[in-house]
Amino acid sequence: GLYPWSCGMSIPTIDISPFFREGVEARRARRYAAAELRHACAEVGFFCIVGHQVPEQLVEDFIVASREFFVHAVEEEKCSIALDAETYRGYQRIGENVTGGQRDLHEAVDLFRELEPHDVHMGAFEHVGPVDGIQKVAFGRNKWPHAPASFKPLSEMYTEQMLQLGAKGS
């Protein structure tokens, strides 16, 4: 299957379809789903959502393209898109990412939504210090794999779907 959870732990599956319905029963179901989300975030750290209205074919195609990159890309291709220390975008080998002083055991391509300066009000970040470092991250450009050719367009379509999903929930 597409979701091979082989770690032996149970990952909560949360139905968010009530957020797209109206009525008393939907409100009750939304409260329940929100409580499930809260629990999953606080106690488990992971969750799988269903009822999100994102086309299943897009999700499947993006998973397939992602797998294709990680399984078939040669080391030279992966190195050509190595993680950029200023923008935090690009490929990370297993063990390169460090969280809480521990090397993570995952391989990743870190991508962000590509923004233009007019898309972000940088004044909102002034309380955290100089904004020039934040600007490098906010306005950096992704380092896209060359293969599979479908990776970039699928990633962009998936990102658009996630933005629409987030807008529906607000």
# chains A, B, ... in the order shown; residues from 1 in each chain; ligands from 1
>>> residues_around(residues="A:Ile14", least_positions_apart="5", cutoff="7 Å", atoms="only C-alpha atoms", output="PDB file with N, CA and C atoms, in the first residue's frame")
ATOM      1  N   ALA A  33     -13.211  16.050  16.047  1.00  0.00           N
ATOM      2  CA  ALA A  33     -12.016  15.982  15.199  1.00  0.00           C
ATOM      3  C   ALA A  33     -10.922  16.892  15.742  1.00  0.00           C
ATOM      4  N   GLU A  36      -9.309  15.202  18.599  1.00  0.00           N
ATOM      5  CA  GLU A  36      -8.427  14.140  18.098  1.00  0.00           C
ATOM      6  C   GLU A  36      -7.116  14.719  17.570  1.00  0.00           C
ATOM      7  N   CYS A  48      -2.562  10.915  10.411  1.00  0.00           N
ATOM      8  CA  CYS A  48      -2.952  10.808   9.013  1.00  0.00           C
ATOM      9  C   CYS A  48      -4.361  11.369   8.920  1.00  0.00           C
ATOM     10  N   ILE A  49      -4.597  12.263   7.961  1.00  0.00           N
ATOM     11  CA  ILE A  49      -5.944  12.805   7.822  1.00  0.00           C
ATOM     12  C   ILE A  49      -6.635  12.196   6.608  1.00  0.00           C
ATOM     13  N   VAL A  50      -7.934  11.996   6.767  1.00  0.00           N
ATOM     14  CA  VAL A  50      -8.800  11.552   5.675  1.00  0.00           C
ATOM     15  C   VAL A  50      -9.954  12.544   5.604  1.00  0.00           C
TER      16      VAL A  50
END
>>> closest_atom_pairs(of="stretch 8-85 of chain A", to="stretch 100-117 of chain A", cutoff="9 Å", atoms="only C-alpha atoms", output="JSON lines")
{"residue": "A:Phe70", "atom": "CA", "partner": "A:Glu107", "partner_atom": "CA", "distance": 8.1}
{"residue": "A:Ile81", "atom": "CA", "partner": "A:Val109", "partner_atom": "CA", "distance": 8.6}
{"residue": "A:Ala82", "atom": "CA", "partner": "A:Val109", "partner_atom": "CA", "distance": 8.6}
{"residue": "A:Leu83", "atom": "CA", "partner": "A:Asp110", "partner_atom": "CA", "distance": 7.7}
>>> write_last_selection(atoms="C-alpha atoms", output="compact mmCIF listing (two decimals), in the first residue's frame")
# COMPACT_ATOMS: atom_id res chain seq x y z
CA PHE A 70 14.79 8.54 -3.42
CA ILE A 81 20.74 19.67 -5.07
CA ALA A 82 22.48 19.47 -1.67
CA LEU A 83 20.96 21.45 1.19
>>> residues_around(residues="A:Arg31", least_positions_apart="5", cutoff="10 Å", atoms="only C-alpha atoms", output="list of chain:residue names")
A:Pro18, A:Phe19, A:Ala26, A:Glu36, A:Leu37
>>> write_last_selection(atoms="C-alpha atoms", output="CSV table (one decimal), in the first residue's frame")
chain,number,residue,atom,x,y,z
A,18,PRO,CA,-16.9,17.7,9.2
A,19,PHE,CA,-15.0,20.9,8.6
A,26,ALA,CA,-21.2,18.8,11.7
A,36,GLU,CA,-8.4,14.1,18.1
A,37,LEU,CA,-6.0,16.5,16.3
>>> atom_distance(atom1="atom CA of A:Phe139", atom2="atom CA of A:Ala167")
21.6 Å
>>> select_by_dssp(residues="stretch 40-167 of chain A", states="strand (DSSP E)", output="PyMOL selection string")
chain A and resi 48-50+90-92+98-99+102-103+108-110
>>> write_last_selection(atoms="C-alpha atoms", output="short mmCIF file (atom, residue, chain, number, x, y, z; two decimals), in the first residue's frame")
data_model
loop_
_atom_site.label_atom_id
_atom_site.label_comp_id
_atom_site.auth_asym_id
_atom_site.auth_seq_id
_atom_site.Cartn_x
_atom_site.Cartn_y
_atom_site.Cartn_z
CA CYS A 48 -2.95 10.81 9.01
CA ILE A 49 -5.94 12.81 7.82
CA VAL A 50 -8.80 11.55 5.67
CA GLY A 90 17.65 20.97 -0.92
CA TYR A 91 18.65 17.36 -0.36
CA GLN A 92 19.77 15.95 3.00
CA VAL A 98 20.22 17.18 13.64
CA THR A 99 17.29 17.64 16.02
CA GLN A 102 20.68 13.88 17.70
CA ARG A 103 21.24 12.98 14.06
CA ALA A 108 14.83 14.39 2.71
CA VAL A 109 14.40 17.00 0.03
CA ASP A 110 13.42 20.19 1.85
#
